>>> print(open('work-v3.cif').read())   # mmCIF, C-alpha atoms
data_structure
loop_
_atom_site.label_atom_id
_atom_site.label_comp_id
_atom_site.auth_asym_id
_atom_site.auth_seq_id
_atom_site.Cartn_x
_atom_site.Cartn_y
_atom_site.Cartn_z
CA MET A 1 0.00 0.00 0.00
CA ASN A 2 1.10 3.58 -0.62
CA LYS A 3 1.01 4.73 2.99
CA THR A 4 4.17 6.71 2.36
CA LYS A 5 2.41 8.77 -0.35
CA TRP A 6 -1.02 9.32 1.25
CA ASN A 7 -2.07 10.30 4.72
CA TRP A 8 -4.10 7.64 6.50
CA ARG A 9 -6.81 8.31 9.07
CA PRO A 10 -9.56 6.38 10.87
CA LEU A 11 -12.76 6.45 8.84
CA GLY A 12 -14.59 7.96 11.81
CA GLU A 13 -12.45 11.10 11.53
CA LEU A 14 -13.66 11.66 7.97
CA PHE A 15 -17.33 10.63 8.20
CA GLU A 16 -20.23 10.86 10.60
CA ILE A 17 -21.58 7.30 10.85
CA GLY A 18 -25.34 7.02 11.32
CA ALA A 19 -27.50 4.00 12.20
CA GLY A 20 -30.68 2.90 10.42
CA LYS A 21 -33.98 1.71 11.87
CA THR A 22 -34.62 -1.87 12.93
CA MET A 23 -37.53 -3.61 11.26
CA SER A 24 -40.19 -4.80 13.71
CA ALA A 25 -43.77 -6.09 13.64
CA THR A 26 -44.95 -2.61 14.64
CA ALA A 27 -42.92 -0.96 11.89
CA ARG A 28 -44.13 -3.52 9.37
CA CYS A 29 -47.84 -3.01 10.12
CA GLY A 30 -47.94 0.66 11.08
CA THR A 31 -49.04 3.65 9.06
CA ASN A 32 -47.01 6.37 7.34
CA LYS A 33 -44.98 3.82 5.39
CA THR A 34 -41.58 5.00 4.21
CA PRO A 35 -39.32 3.18 1.73
CA PHE A 36 -35.97 2.01 3.08
CA LEU A 37 -32.87 0.35 1.73
CA ARG A 38 -31.55 -3.02 2.92
CA THR A 39 -28.17 -4.69 2.41
CA SER A 40 -29.63 -6.45 -0.65
CA ASN A 41 -30.18 -3.03 -2.26
CA VAL A 42 -26.55 -1.96 -1.80
CA LEU A 43 -24.21 -3.47 -4.38
CA TRP A 44 -20.67 -2.39 -5.08
CA ASP A 45 -20.94 1.18 -6.39
CA GLU A 46 -24.62 0.66 -7.24
CA ILE A 47 -27.99 0.97 -5.55
CA ASP A 48 -30.41 -1.71 -6.80
CA MET A 49 -33.96 -0.34 -6.64
CA THR A 50 -35.65 -3.42 -8.12
CA GLU A 51 -37.27 -4.32 -4.79
CA VAL A 52 -37.58 -1.64 -2.11
CA ASP A 53 -39.32 -2.48 1.15
CA GLU A 54 -41.30 -0.09 3.38
CA MET A 55 -41.77 0.38 7.11
CA SER A 56 -43.67 2.77 9.35
CA MET A 57 -41.59 5.77 10.44
CA SER A 58 -42.43 8.95 12.29
CA ALA A 59 -41.49 12.39 10.98
CA GLU A 60 -38.72 12.57 13.59
CA GLU A 61 -37.33 9.19 12.51
CA ILE A 62 -37.39 10.21 8.85
CA ALA A 63 -35.48 13.37 9.70
CA GLU A 64 -32.92 11.40 11.70
CA LYS A 65 -32.63 8.32 9.51
CA GLY A 66 -33.41 9.69 6.07
CA LEU A 67 -30.92 9.66 3.22
CA LEU A 68 -29.55 12.66 1.36
CA PRO A 69 -27.93 12.64 -2.09
CA GLY A 70 -24.26 11.82 -1.67
CA ASP A 71 -24.67 9.67 1.46
CA LEU A 72 -22.31 6.70 1.51
CA LEU A 73 -23.95 3.41 2.54
CA VAL A 74 -21.84 0.53 3.87
CA CYS A 75 -23.13 -3.00 4.58
CA GLU A 76 -22.78 -4.17 8.17
CA GLY A 77 -23.65 -7.78 7.32
CA GLY A 78 -23.81 -10.08 4.31
CA GLU A 79 -20.84 -9.08 2.17
CA ILE A 80 -19.44 -6.77 4.82
CA GLY A 81 -18.03 -3.47 3.63
CA ARG A 82 -19.98 -3.44 0.37
CA ALA A 83 -20.65 0.22 -0.36
CA ALA A 84 -22.46 2.58 -2.73
CA ILE A 85 -23.60 6.21 -2.93
CA TRP A 86 -27.25 7.22 -2.60
CA ASN A 87 -28.00 9.56 -5.51
CA GLY A 88 -31.41 10.82 -4.40
CA ASP A 89 -33.53 9.10 -7.06
CA VAL A 90 -36.39 8.97 -4.55
CA GLN A 91 -37.18 12.07 -2.53
CA THR A 92 -37.85 10.27 0.77
CA MET A 93 -35.71 7.23 1.49
CA SER A 94 -34.44 5.70 4.72
CA PHE A 95 -32.21 2.74 5.55
CA GLN A 96 -32.28 -0.35 7.75
CA ASN A 97 -30.04 -0.96 10.77
CA HIS A 98 -27.85 -3.43 8.87
CA LEU A 99 -26.51 -0.52 6.84
CA HIS A 100 -24.23 2.30 7.97
CA ARG A 101 -24.82 5.81 6.62
CA LEU A 102 -21.64 7.86 6.20
CA ARG A 103 -21.68 11.65 5.73
CA PRO A 104 -18.45 13.63 5.29
CA LEU A 105 -17.27 15.64 8.28
CA ARG A 106 -14.82 17.60 6.14
CA SER A 107 -14.97 19.46 2.87
CA ASP A 108 -11.96 17.57 1.48
CA VAL A 109 -13.68 14.15 1.44
CA GLU A 110 -15.06 12.66 -1.78
CA PRO A 111 -17.46 9.81 -0.75
CA SER A 112 -17.17 7.96 -4.07
CA PHE A 113 -13.40 7.61 -3.57
CA TYR A 114 -14.10 5.66 -0.37
CA VAL A 115 -16.59 3.41 -2.17
CA TYR A 116 -13.78 2.36 -4.48
CA PHE A 117 -11.23 2.11 -1.71
CA LEU A 118 -13.50 -0.14 0.36
CA GLN A 119 -14.14 -2.32 -2.69
CA CYS A 120 -10.41 -2.74 -3.25
CA ALA A 121 -9.67 -3.26 0.44
CA PHE A 122 -12.37 -5.87 1.03
CA THR A 123 -12.32 -7.74 -2.29
CA GLN A 124 -8.67 -7.59 -3.35
CA LEU A 125 -6.25 -6.55 -0.61
CA GLY A 126 -7.73 -8.27 2.43
CA ILE A 127 -6.37 -5.51 4.67
CA PHE A 128 -9.55 -5.47 6.76
CA GLU A 129 -9.75 -9.22 7.29
CA GLY A 130 -10.97 -9.95 10.80
CA THR A 131 -12.95 -6.70 11.13
CA GLY A 132 -16.25 -8.58 11.04
CA ASN A 133 -17.39 -9.91 14.40
CA GLU A 134 -17.27 -13.71 14.37
CA THR A 135 -20.87 -14.23 15.48
CA THR A 136 -23.58 -16.30 13.80
CA ILE A 137 -23.61 -13.73 10.97
CA PRO A 138 -20.31 -11.88 10.41
CA ASN A 139 -20.88 -8.14 10.74
CA LEU A 140 -19.04 -4.85 10.67
CA SER A 141 -20.07 -2.86 13.74
CA ARG A 142 -20.17 0.93 13.85
CA ASN A 143 -17.13 1.03 16.15
CA ARG A 144 -15.09 -1.23 13.92
CA LEU A 145 -16.10 0.70 10.81
CA SER A 146 -15.16 3.98 12.51
CA ALA A 147 -11.75 2.58 13.43
CA LEU A 148 -10.87 1.39 9.91
CA ASN A 149 -7.68 3.08 8.78
CA VAL A 150 -8.22 4.54 5.30
CA PRO A 151 -6.21 6.79 2.99
CA HIS A 152 -6.89 10.50 2.74
CA PRO A 153 -5.14 11.73 -0.40
CA PRO A 154 -5.50 15.34 -1.58
CA TYR A 155 -9.08 16.13 -2.53
CA PRO A 156 -8.35 16.72 -6.26
CA GLU A 157 -6.68 13.31 -6.42
CA GLN A 158 -9.70 11.66 -4.74
CA GLN A 159 -11.94 13.28 -7.36
CA ALA A 160 -9.70 12.32 -10.29
CA ILE A 161 -9.48 8.67 -9.20
CA SER A 162 -13.24 8.52 -8.69
CA ARG A 163 -13.92 10.02 -12.12
CA GLY A 164 -11.58 7.57 -13.85
CA LEU A 165 -13.04 4.49 -12.17
CA ALA A 166 -16.60 5.78 -12.61
CA LEU A 167 -15.96 6.17 -16.33
CA ILE A 168 -15.01 2.49 -16.61
CA ARG A 169 -18.02 1.49 -14.51
CA SER A 170 -20.26 3.52 -16.82
CA ALA A 171 -18.79 1.79 -19.87
CA ILE A 172 -19.40 -1.61 -18.22
CA LYS A 173 -23.04 -0.73 -17.57
CA THR A 174 -23.44 0.52 -21.13
CA GLN A 175 -22.21 -2.79 -22.54
CA GLY A 176 -24.55 -4.66 -20.21
CA ILE A 177 -27.51 -2.57 -21.39
CA ALA A 178 -26.48 -3.01 -25.02
CA SER A 179 -26.23 -6.78 -24.55
CA ALA A 180 -29.68 -6.91 -22.93
CA ARG A 181 -31.17 -4.89 -25.79
CA ALA A 182 -29.56 -7.19 -28.33
CA GLN A 183 -31.03 -10.17 -26.48
CA GLU A 184 -34.48 -8.59 -26.66
CA LEU A 185 -33.92 -7.88 -30.36
CA LYS A 186 -33.12 -11.56 -30.86
CA ARG A 187 -36.29 -12.66 -29.03
CA ALA A 188 -38.40 -10.26 -31.11
CA ALA A 189 -36.71 -11.39 -34.32
CA MET A 190 -37.37 -15.05 -33.54
CA ARG A 191 -41.04 -14.32 -32.80
CA GLU A 192 -41.40 -12.59 -36.15
CA LEU A 193 -39.29 -14.99 -38.22
CA PHE A 194 -40.92 -18.17 -36.92
CA THR A 195 -44.40 -16.71 -37.37
CA ARG A 196 -44.18 -14.81 -40.66
CA GLY A 197 -41.02 -16.03 -42.35
CA LEU A 198 -39.18 -13.91 -44.93
CA ARG A 199 -41.25 -14.27 -48.08
CA GLY A 200 -44.29 -12.20 -47.16
CA GLU A 201 -46.57 -15.09 -48.07
CA PRO A 202 -50.09 -15.70 -46.72
CA GLN A 203 -50.35 -17.49 -43.39
CA LYS A 204 -52.24 -20.56 -42.27
CA GLU A 205 -53.53 -21.40 -38.83
CA THR A 206 -52.10 -24.47 -37.10
CA GLU A 207 -52.30 -25.97 -33.61
CA SER A 208 -49.01 -24.22 -32.94
CA GLY A 209 -50.23 -20.83 -34.20
CA PRO A 210 -49.99 -18.97 -37.54
CA ILE A 211 -47.15 -19.87 -39.91
CA PRO A 212 -46.41 -19.13 -43.59
CA ASP A 213 -48.67 -21.10 -45.93
CA ARG A 214 -45.90 -23.06 -47.66
CA TRP A 215 -44.16 -24.14 -44.48
CA ASP A 216 -44.55 -27.74 -43.33
CA ILE A 217 -44.84 -28.98 -39.76
CA VAL A 218 -43.10 -32.32 -39.28
CA PRO A 219 -42.39 -34.35 -36.11
CA LEU A 220 -38.71 -34.10 -35.21
CA ASP A 221 -38.10 -37.79 -35.79
CA GLY A 222 -39.37 -37.29 -39.36
CA VAL A 223 -36.44 -35.00 -40.17
CA ALA A 224 -33.80 -36.06 -37.63
CA VAL A 225 -32.42 -38.88 -35.52
CA VAL A 226 -32.61 -38.31 -31.77
CA GLN A 227 -29.80 -39.96 -29.81
CA THR A 228 -29.86 -40.32 -26.01
CA GLY A 229 -26.55 -40.18 -24.15
CA VAL A 230 -24.45 -42.48 -22.02
CA ALA A 231 -25.39 -42.97 -18.35
CA LYS A 232 -22.79 -42.44 -15.66
CA GLY A 233 -22.05 -44.96 -12.92
CA ARG A 234 -22.35 -48.18 -14.92
CA ARG A 235 -20.19 -51.15 -14.06
CA LEU A 236 -17.76 -51.90 -16.85
CA GLY A 237 -15.05 -54.47 -17.40
CA THR A 238 -11.54 -53.10 -17.73
CA ALA A 239 -10.73 -55.05 -20.88
CA ASP A 240 -13.01 -53.14 -23.23
CA MET A 241 -13.12 -49.82 -21.37
CA ILE A 242 -11.95 -46.42 -22.62
CA GLU A 243 -11.94 -43.00 -20.97
CA VAL A 244 -13.28 -40.16 -23.13
CA PRO A 245 -14.48 -36.57 -22.61
CA TYR A 246 -18.23 -36.13 -22.29
CA LEU A 247 -20.68 -33.27 -22.60
CA ARG A 248 -22.81 -32.61 -19.51
CA VAL A 249 -25.89 -30.46 -18.88
CA ALA A 250 -23.62 -27.88 -17.22
CA ASN A 251 -21.78 -27.42 -20.53
CA VAL A 252 -24.94 -26.74 -22.54
CA GLN A 253 -26.18 -23.16 -22.48
CA ASP A 254 -28.90 -21.48 -24.52
CA GLY A 255 -27.23 -20.38 -27.72
CA HIS A 256 -23.72 -21.56 -26.94
CA LEU A 257 -21.68 -24.33 -25.34
CA ASP A 258 -19.50 -23.69 -22.29
CA LEU A 259 -16.53 -25.99 -22.76
CA ASP A 260 -14.26 -24.53 -20.06
CA GLU A 261 -14.67 -27.63 -17.92
CA ILE A 262 -15.09 -30.90 -19.78
CA LYS A 263 -15.08 -34.02 -17.61
CA THR A 264 -14.38 -37.59 -18.69
CA ILE A 265 -16.32 -40.84 -18.46
CA HIS A 266 -15.50 -44.53 -18.93
CA ILE A 267 -17.43 -46.35 -21.63
CA ARG A 268 -17.01 -49.51 -23.66
CA CYS A 269 -14.92 -49.21 -26.81
CA SER A 270 -17.80 -50.63 -28.77
CA GLU A 271 -20.04 -47.73 -27.65
CA ILE A 272 -17.91 -44.91 -29.04
CA ASP A 273 -19.67 -44.73 -32.40
CA ARG A 274 -23.09 -44.83 -30.76
CA TYR A 275 -22.52 -41.90 -28.40
CA LEU A 276 -19.90 -39.88 -30.29
CA LEU A 277 -20.90 -36.30 -31.02
CA LYS A 278 -20.48 -35.26 -34.64
CA ASP A 279 -20.02 -31.85 -36.19
CA GLY A 280 -23.41 -30.21 -36.72
CA ASP A 281 -25.27 -32.18 -34.06
CA VAL A 282 -27.89 -30.13 -32.24
CA VAL A 283 -27.42 -30.77 -28.52
CA LEU A 284 -30.44 -30.16 -26.27
CA THR A 285 -30.83 -30.61 -22.51
CA GLU A 286 -33.36 -33.07 -21.19
CA GLY A 287 -34.41 -30.92 -18.25
CA GLY A 288 -33.65 -28.29 -15.64
CA ASP A 289 -35.25 -25.07 -14.43
CA PHE A 290 -38.42 -24.15 -16.31
CA ASP A 291 -36.68 -21.38 -18.25
CA LYS A 292 -33.75 -23.64 -19.16
CA LEU A 293 -35.67 -26.63 -20.49
CA GLY A 294 -34.47 -27.72 -23.91
CA ARG A 295 -31.54 -25.30 -23.97
CA GLY A 296 -28.71 -25.96 -26.38
CA PHE A 297 -27.04 -25.28 -29.66
CA ILE A 298 -24.67 -26.73 -32.29
CA TRP A 299 -21.77 -29.08 -31.60
CA ARG A 300 -18.75 -28.05 -33.66
CA SER A 301 -16.33 -30.87 -32.80
CA GLU A 302 -14.50 -28.56 -30.37
CA VAL A 303 -13.34 -31.58 -28.33
CA ASN A 304 -11.99 -34.75 -29.97
CA GLN A 305 -13.82 -38.03 -29.40
CA CYS A 306 -16.44 -36.44 -27.12
CA VAL A 307 -19.64 -38.24 -26.11
CA HIS A 308 -22.72 -36.87 -24.35
CA GLN A 309 -24.35 -37.85 -21.08
CA ASN A 310 -27.85 -39.28 -20.86
CA HIS A 311 -29.36 -35.91 -19.83
CA VAL A 312 -28.23 -34.34 -23.12
CA PHE A 313 -29.87 -35.28 -26.43
CA ALA A 314 -27.89 -35.26 -29.67
CA VAL A 315 -30.14 -34.51 -32.65
CA ARG A 316 -28.71 -35.33 -36.10
CA VAL A 317 -30.84 -33.72 -38.78
CA ASN A 318 -31.58 -34.81 -42.35
CA ARG A 319 -29.74 -31.99 -44.11
CA GLY A 320 -31.86 -32.44 -47.19
CA ARG A 321 -34.83 -31.15 -45.17
CA LEU A 322 -33.46 -29.18 -42.27
CA VAL A 323 -30.54 -26.86 -41.48
CA PRO A 324 -29.12 -27.75 -38.02
CA GLU A 325 -28.80 -24.12 -36.95
CA PHE A 326 -32.44 -23.49 -37.89
CA LEU A 327 -33.55 -26.28 -35.57
CA ALA A 328 -31.30 -24.96 -32.79
CA TYR A 329 -32.80 -21.46 -33.04
CA LEU A 330 -36.31 -22.90 -33.23
CA ALA A 331 -35.67 -24.79 -29.98
CA GLN A 332 -34.45 -21.55 -28.36
CA SER A 333 -37.48 -19.56 -29.47
CA ASN A 334 -40.76 -19.06 -27.63
CA TYR A 335 -42.23 -21.62 -30.04
CA GLY A 336 -39.81 -24.32 -28.91
CA LYS A 337 -39.86 -23.36 -25.24
CA ALA A 338 -43.67 -23.40 -25.16
CA TYR A 339 -43.78 -26.92 -26.60
CA PHE A 340 -41.12 -28.30 -24.25
CA LEU A 341 -42.81 -26.79 -21.21
CA LYS A 342 -46.21 -28.07 -22.32
CA VAL A 343 -45.16 -31.72 -22.66
CA ALA A 344 -42.55 -31.86 -19.90
CA HIS A 345 -42.89 -33.76 -16.67
CA LYS A 346 -42.87 -31.06 -13.97
CA THR A 347 -41.98 -30.97 -10.30
CA THR A 348 -41.96 -27.91 -8.03
CA ASN A 349 -38.87 -26.30 -9.55
CA LEU A 350 -37.79 -28.55 -12.40
CA ALA A 351 -39.10 -29.88 -15.69
CA CYS A 352 -37.96 -32.82 -17.81
CA ILE A 353 -38.76 -33.91 -21.36
CA ASN A 354 -38.39 -37.54 -22.42
CA THR A 355 -37.21 -38.95 -25.72
CA THR A 356 -40.72 -39.70 -27.00
CA LYS A 357 -41.88 -36.11 -26.44
CA LEU A 358 -38.77 -34.70 -28.07
CA LYS A 359 -39.22 -36.91 -31.13
CA ALA A 360 -42.79 -35.59 -31.44
CA PHE A 361 -41.62 -31.95 -31.39
CA PRO A 362 -43.54 -30.28 -34.29
CA VAL A 363 -40.71 -28.76 -36.32
CA LEU A 364 -41.43 -25.85 -38.65
CA VAL A 365 -39.90 -26.63 -42.03
CA PRO A 366 -39.60 -23.84 -44.60
CA GLY A 367 -37.48 -24.24 -47.72
CA LEU A 368 -33.76 -24.70 -47.17
CA ASP A 369 -32.87 -21.30 -48.65
CA GLU A 370 -35.28 -19.53 -46.31
CA GLN A 371 -33.95 -21.53 -43.38
CA ARG A 372 -30.41 -20.39 -44.19
CA GLU A 373 -31.52 -16.76 -44.50
CA ILE A 374 -33.27 -16.90 -41.13
CA VAL A 375 -30.16 -18.47 -39.57
CA ALA A 376 -27.97 -15.72 -41.06
CA ILE A 377 -30.13 -13.00 -39.45
CA LEU A 378 -30.08 -14.64 -36.03
CA GLU A 379 -26.36 -15.41 -36.21
CA ALA A 380 -25.68 -11.73 -36.92
CA ILE A 381 -27.60 -10.79 -33.77
CA ASP A 382 -25.73 -13.46 -31.81
CA ARG A 383 -22.42 -11.96 -32.95
CA LYS A 384 -23.61 -8.58 -31.70
CA ILE A 385 -24.53 -10.07 -28.33
CA GLU A 386 -21.19 -11.84 -28.05
CA LEU A 387 -19.30 -8.65 -28.95
CA HIS A 388 -20.99 -6.74 -26.14
CA LYS A 389 -20.26 -9.57 -23.70
CA GLN A 390 -16.60 -9.60 -24.71
CA LYS A 391 -16.32 -5.83 -24.37
CA ARG A 392 -17.90 -5.98 -20.93
CA ALA A 393 -15.52 -8.73 -19.83
CA VAL A 394 -12.53 -6.68 -20.99
CA LEU A 395 -13.82 -3.58 -19.18
CA GLU A 396 -14.46 -5.54 -15.97
CA ALA A 397 -10.90 -6.86 -16.06
CA LEU A 398 -9.62 -3.32 -16.68
CA PHE A 399 -11.66 -1.96 -13.76
CA LYS A 400 -10.36 -4.67 -11.42
CA ALA A 401 -6.74 -4.07 -12.45
CA LEU A 402 -6.95 -0.27 -12.23
CA LEU A 403 -8.80 -0.40 -8.91
CA HIS A 404 -5.91 -2.37 -7.46
CA LYS A 405 -3.15 -0.32 -9.04
CA LEU A 406 -4.66 3.07 -8.20
CA MET A 407 -5.40 2.18 -4.60
CA THR A 408 -1.93 0.69 -4.03
CA GLY A 409 -0.13 3.55 -5.74
CA GLU A 410 1.39 1.41 -8.49
CA ILE A 411 0.09 3.98 -10.95
CA ARG A 412 -1.28 7.49 -10.58
CA VAL A 413 -4.47 8.63 -12.21
CA ALA A 414 -2.59 11.48 -13.93
CA ASP A 415 -0.68 8.85 -15.92
CA LEU A 416 -3.85 7.41 -17.45
CA ASP A 417 -5.54 8.27 -20.72
CA LEU A 418 -9.12 7.04 -20.48
CA SER A 419 -10.49 9.13 -23.34
CA ALA A 420 -11.19 6.02 -25.43
CA LEU A 421 -13.71 4.94 -22.80
CA GLU A 422 -15.86 8.00 -23.44
CA THR A 423 -17.12 6.38 -26.66
CA SER A 424 -17.68 3.00 -25.02
CA ALA A 425 -19.65 4.61 -22.18
CA LYS A 426 -22.02 6.20 -24.71
CA GLU A 427 -22.33 3.23 -27.08
CA THR A 428 -25.80 1.97 -27.94
CA VAL A 429 -27.16 -1.02 -29.84
#
>>> encode(input="work-v3.cif", output="C-alpha cells")
Amino acid sequence: MNKTKWNWRPLGELFEIGAGKTMSATARCGTNKTPFLRTSNVLWDEIDMTEVDEMSMSAEEIAEKGLLPGDLLVCEGGEIGRAAIWNGDVQTMSFQNHLHRLRPLRSDVEPSFYVYFLQCAFTQLGIFEGTGNETTIPNLSRNRLSALNVPHPPYPEQQAISRGLALIRSAIKTQGIASARAQELKRAAMRELFTRGLRGEPQKETESGPIPDRWDIVPLDGVAVVQTGVAKGRRLGTADMIEVPYLRVANVQDGHLDLDEIKTIHIRCSEIDRYLLKDGDVVLTEGGDFDKLGRGFIWRSEVNQCVHQNHVFAVRVNRGRLVPEFLAYLAQSNYGKAYFLKVAHKTTNLACINTTKLKAFPVLVPGLDEQREIVAILEAIDRKIELHKQKRAVLEALFKALLHKLMTGEIRVADLDLSALETSAKETV
C-alpha cells in the first residue's frame, strides 16, 4: 500500500456514521410507510432499486434516519463493507439498521473515492480481514467501521481517481444494457421470423399458431435422428473400457456451449460410435429449471472423441430437409420453449422432457434457402450479443486491475488516458 504517499486516518475522523432503523412487527404493520434500503439493495458502487421495502416511520425518525444525495452506505452484514452512494432518485428514502450511513465531516472528502477504496480493500487486498465480528452472521459494527484506517489523499486526487473508475463502470453498464437490448432484439426477431417467415406469403392457422402457408410442420423424428446419451455410474469391465471426454448439462447453455470444464467418463470401446458427437449435431438438454428446459445449440467438434451424457440429447438432422442451426434457433425460441414446457414432466422447480416427447416436437420446415436466410439473421444478432459480452468482460478486467493499481499507488491517475472509454460509455445497440 502507498502509505508513504497518502495520509491515513480512521474512517470515523472523515465521516459521521449514522445508524438505520430496525424492522419490527410494529414498523411492518404501522401507518405512514416510508421506503428504506436493505443490504440487498446496496451493491458495489450501485444501488439496486428493483425491490424496495417499506416500514412505518415517524417524521422525527425520517429526519434522523433519512438519506440525502451523496450519502455513503456501507453494509454491516452479508458481504461486509460493500458500499455505494445514494444519488437521491427517490425524494424520501431511509435505511435499515444493517446498513451504515456515512456523511463527510470535512470538505476535502469525496465519498465515491471511499466506495472504491473499500471495494479494493475488502475484495482484493484483504487488509480489513478480521474486522467482522465472528458471530452467527459476520458483521461490521459501527465502532469497527469507525476505526478502519483509510487513505486520505489530496481532494483533487480523490476526485480524479473517482472520475476515472466511474468512467469504466459507466462503460461496463453501457455494454450490459447493449447486450440486454440485443437479447431482446433476438427474441423479437425469432417471434417474427418463426411466425411470418421472410417471403411475405399468406399465413395458415395451425395448432401451434400462424405460420407461412408453404411451411410444413413435421415431427422431429421425421427430419432427424434423436440420440440419447451415455449414463454415468455403470459397471464396466476393464478389458473393453476407454476414458473419453463427455458433454454434460452444465456445458450446454442457450445459444452456446460452455466448454471450459469438460469431464471424462468410462465407456465400452464398442459404444464410441453410438454416443460420439459429430459436427453439426444439435445438442439439447433433457431438463432443468423451467426457463432452461431444452436449452442448447450446435456441436462443432471442439473436443476430440467427445460423447454426451444421458441428460443431453444429440439430434442429427436430415440436411436435405433441415438446417441444423435453424432447428437450434427454433428450440431456443418461444415456439420451442412453449412446446417443451407443455409436454414436460414437472416438479416444483424442475421440468424434464423424455425422448418420446422430443421426437414428437412439431418442427417448422420452410425451404432450405429460407432456413439459411433466417439463420444468417439470427447469427448476426448473436455476434452482436457476443461482442458486447466480450467488451464488458474486458472492461471488468480493466476496472479490477486499475482499482488495485490506483489504490496501491502502483500507478497514478494522472498517468492514465481514459479518453477512449468516453465512446464506449455512450455506445448503444
>>> closest_residue(input="work-v3.cif", among="A:Thr123, A:Ser301, A:Asn97, A:Thr174", to="Leu140 (chain A)", atoms="only C-alpha atoms")
A:Asn97
>>> resolve_selection(input="work-v3.cif", expression="the PyMOL selection byres ((chain A and resi 30-43) around 7)", output="mmCIF file with C-alpha atoms, in the frame of the given file")
data_model
loop_
_atom_site.group_PDB
_atom_site.id
_atom_site.type_symbol
_atom_site.label_atom_id
_atom_site.label_comp_id
_atom_site.auth_asym_id
_atom_site.auth_seq_id
_atom_site.Cartn_x
_atom_site.Cartn_y
_atom_site.Cartn_z
ATOM 1 C CA THR A 26 -44.950 -2.610 14.640
ATOM 2 C CA ALA A 27 -42.920 -0.960 11.890
ATOM 3 C CA ARG A 28 -44.130 -3.520 9.370
ATOM 4 C CA CYS A 29 -47.840 -3.010 10.120
ATOM 5 C CA TRP A 44 -20.670 -2.390 -5.080
ATOM 6 C CA ASP A 45 -20.940 1.180 -6.390
ATOM 7 C CA GLU A 46 -24.620 0.660 -7.240
ATOM 8 C CA ILE A 47 -27.990 0.970 -5.550
ATOM 9 C CA ASP A 48 -30.410 -1.710 -6.800
ATOM 10 C CA MET A 49 -33.960 -0.340 -6.640
ATOM 11 C CA VAL A 52 -37.580 -1.640 -2.110
ATOM 12 C CA ASP A 53 -39.320 -2.480 1.150
ATOM 13 C CA GLU A 54 -41.300 -0.090 3.380
ATOM 14 C CA MET A 55 -41.770 0.380 7.110
ATOM 15 C CA SER A 56 -43.670 2.770 9.350
ATOM 16 C CA MET A 57 -41.590 5.770 10.440
ATOM 17 C CA CYS A 75 -23.130 -3.000 4.580
ATOM 18 C CA ARG A 82 -19.980 -3.440 0.370
ATOM 19 C CA ALA A 83 -20.650 0.220 -0.360
ATOM 20 C CA ALA A 84 -22.460 2.580 -2.730
ATOM 21 C CA MET A 93 -35.710 7.230 1.490
ATOM 22 C CA SER A 94 -34.440 5.700 4.720
ATOM 23 C CA PHE A 95 -32.210 2.740 5.550
ATOM 24 C CA GLN A 96 -32.280 -0.350 7.750
ATOM 25 C CA HIS A 98 -27.850 -3.430 8.870
ATOM 26 C CA LEU A 99 -26.510 -0.520 6.840
#
>>> atom_distance(input="work-v3.cif", atom1="CA of His266 (chain A)", atom2="CA of Gln309 (chain A)")
11.3 Å
>>> resolve_selection(input="work-v3.cif", expression="the PyMOL selection byres ((chain A and resi 156) around 12)", output="PyMOL selection string")
chain A and resi 107-110+113+152-155+157-163+413-414
>>> resolve_selection(input="work-v3.cif", expression="the PyMOL selection byres ((chain A and resi 315) around 8)", output="PyMOL selection string")
chain A and resi 224-227+281-284+313-314+316-317
>>> residues_around(input="work-v3.cif", residues="Leu68 (chain A)", least_positions_apart="6", cutoff="9 Å", atoms="only C-alpha atoms", output="PyMOL selection string")
chain A and resi 86-88+91-93
>>> residues_around(input="work-v3.cif", residues="Trp215 (chain A)", least_positions_apart="6", cutoff="9 Å", atoms="all atoms listed in the file", output="PDB file with C-alpha atoms, keeping the file's coordinate frame")
ATOM      1  CA  GLY A 197     -41.020 -16.030 -42.350  1.00  0.00           C
ATOM      2  CA  LEU A 364     -41.430 -25.850 -38.650  1.00  0.00           C
ATOM      3  CA  VAL A 365     -39.900 -26.630 -42.030  1.00  0.00           C
ATOM      4  CA  PRO A 366     -39.600 -23.840 -44.600  1.00  0.00           C
ATOM      5  CA  GLY A 367     -37.480 -24.240 -47.720  1.00  0.00           C
TER       6      GLY A 367
END
>>> residues_around(input="work-v3.cif", residues="Val375 (chain A)", least_positions_apart="2", cutoff="12 Å", atoms="only C-alpha atoms", output="JSON list (two decimals) with C-alpha atoms, in the frame of the given file")
[["chain", "number", "residue", "atom", "x", "y", "z"],
["A", 186, "LYS", "CA", -33.12, -11.56, -30.86],
["A", 189, "ALA", "CA", -36.71, -11.39, -34.32],
["A", 190, "MET", "CA", -37.37, -15.05, -33.54],
["A", 193, "LEU", "CA", -39.29, -14.99, -38.22],
["A", 194, "PHE", "CA", -40.92, -18.17, -36.92],
["A", 197, "GLY", "CA", -41.02, -16.03, -42.35],
["A", 198, "LEU", "CA", -39.18, -13.91, -44.93],
["A", 322, "LEU", "CA", -33.46, -29.18, -42.27],
["A", 323, "VAL", "CA", -30.54, -26.86, -41.48],
["A", 324, "PRO", "CA", -29.12, -27.75, -38.02],
["A", 325, "GLU", "CA", -28.80, -24.12, -36.95],
["A", 326, "PHE", "CA", -32.44, -23.49, -37.89],
["A", 327, "LEU", "CA", -33.55, -26.28, -35.57],
["A", 328, "ALA", "CA", -31.30, -24.96, -32.79],
["A", 329, "TYR", "CA", -32.80, -21.46, -33.04],
["A", 330, "LEU", "CA", -36.31, -22.90, -33.23],
["A", 366, "PRO", "CA", -39.60, -23.84, -44.60],
["A", 368, "LEU", "CA", -33.76, -24.70, -47.17],
["A", 369, "ASP", "CA", -32.87, -21.30, -48.65],
["A", 370, "GLU", "CA", -35.28, -19.53, -46.31],
["A", 371, "GLN", "CA", -33.95, -21.53, -43.38],
["A", 372, "ARG", "CA", -30.41, -20.39, -44.19],
["A", 373, "GLU", "CA", -31.52, -16.76, -44.50],
["A", 377, "ILE", "CA", -30.13, -13.00, -39.45],
["A", 378, "LEU", "CA", -30.08, -14.64, -36.03],
["A", 379, "GLU", "CA", -26.36, -15.41, -36.21],
["A", 380, "ALA", "CA", -25.68, -11.73, -36.92],
["A", 381, "ILE", "CA", -27.60, -10.79, -33.77],
["A", 382, "ASP", "CA", -25.73, -13.46, -31.81]]
>>> atom_distance(input="work-v3.cif", atom1="CA of Leu277 (chain A)", atom2="CA of His256 (chain A)")
15.6 Å
